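Reproduced below: target_38.txt, with compact mmCIF, C-alpha atoms.
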# COMPACT_ATOMS: atom_id res chain seq x y z
CA MET A 1 10.56 109.71 129.81
CA VAL A 2 8.18 111.55 132.13
CA ALA A 3 8.07 111.59 135.93
CA ARG A 4 6.12 113.58 138.48
CA SER A 5 8.10 115.82 140.77
CA PRO A 6 8.84 114.69 144.36
CA ASN A 7 6.08 116.99 145.70
CA GLY A 8 3.54 114.94 143.78
CA ASN A 9 1.86 117.83 141.96
CA ALA A 10 0.26 116.63 138.74
CA ALA A 11 1.01 119.97 137.10
CA ASP A 12 4.73 119.80 137.95
CA ILE A 13 6.14 117.24 135.53
CA LEU A 14 9.75 116.10 135.37
CA MET A 15 11.42 114.61 132.36
CA THR A 16 13.76 111.71 133.05
CA SER A 17 16.95 111.23 131.04
CA LEU A 18 17.98 107.70 130.10
CA HIS A 19 21.69 106.91 129.75
CA TYR A 20 23.56 103.67 129.05
CA VAL A 21 26.74 103.78 131.09
CA ALA A 22 29.57 101.55 132.30
CA PHE A 23 31.79 101.50 135.37
CA PRO A 24 34.52 99.23 136.78
CA SER A 25 33.76 96.67 139.44
CA LEU A 26 35.49 97.94 142.58
CA HIS A 27 38.94 96.35 143.10
CA ALA A 28 38.51 94.57 139.74
CA PRO A 29 38.91 97.35 137.13
CA SER A 30 39.20 94.84 134.29
CA LEU A 31 35.56 93.87 134.88
CA THR A 32 33.39 96.57 133.31
CA ILE A 33 29.74 96.62 134.34
CA ALA A 34 27.17 98.05 131.92
CA ALA A 35 24.11 99.71 133.42
CA ARG A 36 21.03 101.75 132.66
CA LEU A 37 20.99 105.12 134.44
CA GLN A 38 17.86 107.25 134.67
CA ILE A 39 17.95 110.73 136.21
CA PRO A 40 15.05 113.17 136.66
CA ASP A 41 15.91 116.35 134.81
CA ASP A 42 15.13 118.89 137.53
CA ALA A 43 17.95 120.99 138.97
CA GLY A 44 20.12 119.90 141.87
CA PRO A 45 21.91 116.68 142.81
CA ARG A 46 19.40 113.82 143.09
CA PRO A 47 19.25 110.89 145.50
CA ALA A 48 19.81 107.57 143.73
CA VAL A 49 18.85 103.91 144.15
CA ILE A 50 20.86 101.01 142.70
CA LEU A 51 18.56 98.18 141.55
CA LEU A 52 20.26 94.76 141.69
CA HIS A 53 18.78 92.01 139.53
CA GLY A 54 18.37 88.39 140.60
CA SER A 55 19.63 85.08 139.22
CA ALA A 56 17.66 85.46 136.00
CA GLY A 57 19.57 88.63 135.11
CA PRO A 58 18.16 92.04 134.18
CA SER A 59 14.37 92.05 133.74
CA ALA A 60 11.26 94.19 133.65
CA ARG A 61 11.12 93.89 137.43
CA GLU A 62 13.91 96.41 137.96
CA GLY A 63 12.34 98.71 135.37
CA GLY A 64 9.07 98.69 137.27
CA TYR A 65 10.74 99.94 140.44
CA ALA A 66 12.81 102.43 138.42
CA GLU A 67 9.67 103.97 136.92
CA LYS A 68 8.09 104.56 140.34
CA LEU A 69 11.31 105.81 141.92
CA ASN A 70 12.04 108.15 139.00
CA ALA A 71 8.53 109.55 139.37
CA ALA A 72 9.32 110.30 143.02
CA GLY A 73 12.49 112.18 142.09
CA PHE A 74 15.13 109.45 142.45
CA ALA A 75 17.79 108.57 139.95
CA THR A 76 18.10 104.82 139.38
CA LEU A 77 20.97 102.63 138.21
CA GLU A 78 20.30 99.10 136.90
CA PRO A 79 23.59 97.18 136.50
CA ASP A 80 23.92 94.02 134.41
CA GLN A 81 26.28 91.83 136.43
CA TRP A 82 25.97 88.72 134.26
CA ALA A 83 26.92 89.96 130.79
CA PRO A 84 30.54 90.92 131.57
CA ARG A 85 31.04 87.49 133.10
CA GLY A 86 29.52 85.72 130.09
CA LEU A 87 26.76 84.22 132.24
CA ALA A 88 23.35 83.20 130.94
CA GLY A 89 21.44 83.48 134.22
CA GLY A 90 19.39 81.01 136.23
CA ALA A 91 20.56 78.66 138.96
CA ARG A 92 23.30 77.26 136.70
CA GLY A 93 24.20 80.51 135.01
CA ARG A 94 24.99 82.82 137.91
CA PRO A 95 28.24 83.48 139.80
CA ARG A 96 29.44 80.74 142.11
CA THR A 97 29.06 82.99 145.15
CA ILE A 98 27.16 86.16 145.93
CA HIS A 99 30.23 87.59 147.64
CA GLU A 100 32.11 87.88 144.36
CA THR A 101 29.51 90.35 143.09
CA LEU A 102 29.81 92.75 146.05
CA PRO A 103 32.61 94.68 144.29
CA ASP A 104 30.11 95.35 141.47
CA LEU A 105 27.68 96.90 143.94
CA TYR A 106 30.33 99.12 145.45
CA GLY A 107 31.65 100.00 142.00
CA ALA A 108 28.13 101.20 141.22
CA LYS A 109 28.09 103.22 144.43
CA ALA A 110 31.46 104.82 143.60
CA TYR A 111 30.27 105.62 140.07
CA LEU A 112 27.14 107.37 141.34
CA ALA A 113 29.02 109.21 144.10
CA ALA A 114 31.30 110.76 141.47
CA HIS A 115 28.42 111.78 139.18
CA ALA A 116 27.78 115.53 139.09
CA ARG A 117 23.99 115.08 139.21
CA ILE A 118 23.91 112.60 142.13
CA ASP A 119 24.11 113.42 145.83
CA PRO A 120 26.87 111.11 147.14
CA LYS A 121 25.33 111.09 150.63
CA ARG A 122 21.96 109.82 149.36
CA ILE A 123 22.65 106.55 147.57
CA GLY A 124 20.53 103.52 148.43
CA VAL A 125 20.20 100.00 147.11
CA ALA A 126 17.27 97.68 146.43
CA GLY A 127 18.09 94.09 145.50
CA PHE A 128 15.96 91.16 144.38
CA SER A 129 16.66 87.49 145.21
CA PHE A 130 20.40 87.05 144.40
CA GLY A 131 20.69 90.84 144.46
CA ALA A 132 18.76 90.97 147.73
CA VAL A 133 21.33 88.72 149.39
CA ALA A 134 24.03 91.15 148.25
CA ALA A 135 22.02 94.01 149.79
CA MET A 136 21.71 92.06 153.05
CA LEU A 137 25.47 91.54 153.18
CA ALA A 138 26.11 95.20 152.35
CA ALA A 139 24.04 96.09 155.41
CA THR A 140 26.68 94.53 157.69
CA ARG A 141 29.76 96.39 158.87
CA ALA A 142 31.88 93.31 158.16
CA GLN A 143 31.13 93.48 154.43
CA ASN A 144 30.61 97.22 154.00
CA ASP A 145 33.94 98.04 155.62
CA ARG A 146 35.75 95.89 153.04
CA PHE A 147 34.69 98.31 150.31
CA ALA A 148 33.49 101.61 151.80
CA PRO A 149 34.59 101.86 155.44
CA GLY A 150 32.53 104.42 157.29
CA GLU A 151 30.45 105.20 154.20
CA PRO A 152 27.51 102.80 154.10
CA PHE A 153 24.52 103.02 151.81
CA ALA A 154 21.97 105.54 153.04
CA ALA A 155 19.19 102.91 152.90
CA LEU A 156 18.94 99.24 151.90
CA MET A 157 15.89 97.32 150.66
CA PRO A 158 16.38 93.57 150.12
CA VAL A 159 13.34 91.98 148.45
CA TYR A 160 12.86 88.21 149.11
CA PRO A 161 16.48 87.72 150.28
CA ILE A 162 16.07 84.02 151.33
CA CYS A 163 15.85 84.77 155.05
CA HIS A 164 16.65 81.30 156.38
CA LEU A 165 20.29 81.69 155.27
CA TYR A 166 21.34 84.33 157.73
CA ASN A 167 23.26 83.48 160.88
CA ARG A 168 22.99 79.81 159.91
CA ALA A 169 25.15 79.40 156.80
CA PRO A 170 28.85 80.38 156.95
CA GLY A 171 29.50 83.66 155.16
CA PHE A 172 25.94 84.88 155.62
CA GLU A 173 26.23 86.53 159.00
CA PHE A 174 23.63 89.27 159.45
CA GLY A 175 24.43 91.43 162.46
CA ASP A 176 26.55 94.38 163.57
CA LEU A 177 24.64 96.39 161.00
CA VAL A 178 25.58 99.72 159.45
CA ASP A 179 23.83 102.83 160.69
CA ALA A 180 21.17 102.97 158.00
CA PRO A 181 17.52 101.91 157.70
CA ILE A 182 16.87 98.47 156.23
CA LEU A 183 13.54 97.30 154.77
CA ILE A 184 13.20 93.56 154.11
CA VAL A 185 10.28 92.58 151.87
CA THR A 186 9.27 88.91 151.65
CA GLY A 187 6.53 86.80 150.09
CA ALA A 188 4.36 84.68 152.34
CA LEU A 189 4.47 81.80 149.82
CA ASP A 190 8.19 82.01 149.03
CA SER A 191 9.41 78.46 148.39
CA TYR A 192 13.00 79.32 149.29
CA ASP A 193 11.99 79.93 152.92
CA ASN A 194 8.77 77.87 153.18
CA ASP A 195 7.77 80.05 156.11
CA PRO A 196 5.70 83.23 155.86
CA GLU A 197 7.32 84.45 159.09
CA ALA A 198 10.91 83.88 157.97
CA GLY A 199 11.60 87.60 157.69
CA PRO A 200 9.97 88.67 160.97
CA LYS A 201 11.71 85.77 162.75
CA LEU A 202 15.07 86.93 161.43
CA VAL A 203 14.44 90.47 162.66
CA ALA A 204 13.28 89.16 166.06
CA SER A 205 16.51 87.17 166.41
CA LEU A 206 18.71 90.27 166.11
CA GLY A 207 20.18 92.20 169.00
CA ALA A 208 18.31 95.31 170.07
CA ALA A 209 20.68 97.77 168.37
CA ASP A 210 20.38 95.95 165.05
CA ALA A 211 16.67 95.17 165.26
CA LYS A 212 15.75 98.85 165.56
CA ARG A 213 17.31 99.48 162.16
CA VAL A 214 15.36 96.72 160.37
CA ARG A 215 11.73 96.56 159.30
CA CYS A 216 10.10 93.60 157.54
CA GLU A 217 7.00 93.63 155.35
CA VAL A 218 5.43 90.34 154.26
CA MET A 219 3.42 90.31 151.02
CA ALA A 220 0.35 88.08 151.36
CA ASP A 221 -0.36 85.52 148.62
CA ALA A 222 3.06 86.24 147.12
CA HIS A 223 5.67 83.80 145.81
CA HIS A 224 9.34 84.44 145.12
CA ALA A 225 9.71 86.98 142.30
CA PHE A 226 6.14 88.20 142.86
CA ASP A 227 7.14 91.52 141.24
CA MET A 228 8.57 90.06 138.01
CA PRO A 229 6.01 90.28 135.18
CA GLY A 230 5.43 87.15 133.14
CA PRO A 231 3.86 83.71 133.45
CA ALA A 232 4.29 81.62 136.58
CA ARG A 233 7.17 79.16 136.38
CA GLN A 234 9.16 76.68 138.43
CA ALA A 235 12.91 76.21 138.44
CA GLU A 236 15.33 73.79 140.05
CA ASP A 237 17.53 75.58 142.54
CA PRO A 238 19.82 74.13 145.22
CA GLY A 239 18.85 77.03 147.49
CA ALA A 240 15.11 76.26 147.38
CA ASN A 241 13.13 74.70 150.22
CA ARG A 242 15.39 76.00 153.00
CA GLY A 243 18.50 74.74 151.25
CA ALA A 244 17.20 71.23 150.58
CA GLY A 245 17.00 72.02 146.86
CA GLY A 246 14.26 71.17 144.40
CA LEU A 247 11.68 73.30 142.67
CA ALA A 248 11.15 76.96 143.45
CA THR A 249 7.99 78.71 142.28
CA MET A 250 8.09 82.20 140.77
CA ALA A 251 4.73 83.84 140.16
CA TYR A 252 3.79 87.42 139.38
CA ASN A 253 1.29 89.09 141.70
CA PRO A 254 0.29 92.56 140.46
CA ASP A 255 -1.30 93.58 143.77
CA ALA A 256 1.79 92.66 145.77
CA THR A 257 3.92 94.40 143.15
CA ARG A 258 2.02 97.66 143.51
CA THR A 259 2.34 97.43 147.28
CA ALA A 260 6.09 96.76 147.05
CA HIS A 261 6.56 99.68 144.65
CA ASP A 262 4.73 101.98 147.07
CA LEU A 263 6.82 100.63 149.96
CA ALA A 264 10.02 101.34 148.02
CA VAL A 265 9.03 104.92 147.25
CA GLY A 266 7.92 105.62 150.82
CA PHE A 267 10.99 103.96 152.34
CA PHE A 268 13.55 105.79 150.22
CA LEU A 269 11.73 109.12 150.51
CA GLN A 270 11.85 108.84 154.28
CA ALA A 271 15.45 107.61 154.39
CA MET A 272 16.85 109.97 151.73
CA PRO A 273 14.61 113.08 151.73
Output the file's structure in the form of structure tokens.
Amino acid sequence: MVARSPNGNAADILMTSLHYVAFPSLHAPSLTIAARLQIPDDAGPRPAVILLHGSAGPSAREGGYAEKLNAAGFATLEPDQWAPRGLAGGARGRPRTIHETLPDLYGAKAYLAAHARIDPKRIGVAGFSFGAVAAMLAATRAQNDRFAPGEPFAALMPVYPICHLYNRAPGFEFGDLVDAPILIVTGALDSYDNDPEAGPKLVASLGAADAKRVRCEVMADAHHAFDMPGPARQAEDPGANRGAGGLATMAYNPDATRTAHDLAVGFFLQAMP
């Protein structure tokens, strides 16, 4: 695979190596997580971004972000958290709780930190929907210190993380955040929140020390899963409509996707230069 170098010169082209790897879920070594690892082939340890899929399981969405991040000089790791659990995906085929997948995320972090071609101090995470909620929780000291005390992710980017949950539902406390930048990306038409300002309202509700670490970008004319290629669809989900349940709309928006890809590259370049 081909990627441009981080300096953006068209004449300076990087090749990207693709590897299929596996690592143990942290604290659950019997659970082996398969993943796709892509590393630009230039010399020197690279920064890396873990890309966490949503309820549907691995998809072209994560690959789209990987392509742009690889082109900017980042390694990417795309774990498949459903296959080792024998799950089919969707609202009825995902783990019972998001919390039980956090050891997978930190297992991925430990795997990358031990890799000779990855800089252990520059590992970030971007999560989508179910994976975004995991990224939100990993941004809190309460959850991070269970797995990597004093060693948080260098940057966290939750994309449509169902903002109405936080500081309302037990187990979804979002505060006392790790010392790392956090970029929340939401869709104005997201039918899980039913409020285009759900993300900005969440940030505004935080204490001053936490709020300065968090930025929110709202994608106009964008539904949940706006960055997942494919036809528009609706699915029953108990988390939809602010927890009332019912149908949730997923619809691809190529313009919002390009914007989100650019946001991801800019955010991680700034946070992990």
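Selecting by distance to (18.2, 117.8, 142.6) with a limit of 9 Å and using all atoms listed in the file, one obtains Pro40, Asp41, Asp42, Ala43, Gly44, Pro45, Arg46, Pro47, Gly73, Phe74, Arg117, Ile118 and Asp119 of chain A.
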Using only C-alpha atoms, which protein or nucleic acid residues come within 9 Å of segment 214-231 of chain A? Drop anything in the same chain fewer than 5 positions from it, and give the result as a PyMOL selection string.
chain A and resi 54+59-62+64+128-129+159-160+180-192+196-197+199-200+203+248-254+256-261+263
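The coordinates place atom CA of Glu78 of chain A at 8.1 Å from atom CA of Gly63 of chain A.
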Excluding same-chain residues fewer than 2 positions from Ala110 of chain A, what lies within 10 Å of it counting all atoms listed in the file, as a JSON list (two decimals) with C-alpha atoms, in the frame of the given file?
[["chain", "number", "residue", "atom", "x", "y", "z"],
["A", 23, "PHE", "CA", 31.79, 101.50, 135.37],
["A", 24, "PRO", "CA", 34.52, 99.23, 136.78],
["A", 25, "SER", "CA", 33.76, 96.67, 139.44],
["A", 26, "LEU", "CA", 35.49, 97.94, 142.58],
["A", 104, "ASP", "CA", 30.11, 95.35, 141.47],
["A", 105, "LEU", "CA", 27.68, 96.90, 143.94],
["A", 106, "TYR", "CA", 30.33, 99.12, 145.45],
["A", 107, "GLY", "CA", 31.65, 100.00, 142.00],
["A", 108, "ALA", "CA", 28.13, 101.20, 141.22],
["A", 112, "LEU", "CA", 27.14, 107.37, 141.34],
["A", 113, "ALA", "CA", 29.02, 109.21, 144.10],
["A", 114, "ALA", "CA", 31.30, 110.76, 141.47],
["A", 115, "HIS", "CA", 28.42, 111.78, 139.18],
["A", 120, "PRO", "CA", 26.87, 111.11, 147.14],
["A", 123, "ILE", "CA", 22.65, 106.55, 147.57],
["A", 147, "PHE", "CA", 34.69, 98.31, 150.31],
["A", 148, "ALA", "CA", 33.49, 101.61, 151.80]]
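We find atom CA of Leu87 of chain A and atom CA of Asn144 of chain A to be spaced 25.6 Å apart.
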Which distance in Å separates atom CA of Thr140 of chain A and atom CA of Asp176 of chain A, to one decimal?
5.9 Å
Nearest to Phe268 of chain A by atom-to-atom distance, counting only C-alpha atoms, from A:Ala155, A:Ala169, A:Val21, A:Ala208
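Ranked by minimum distance to Phe268 of chain A, first place goes to A:Ala155.
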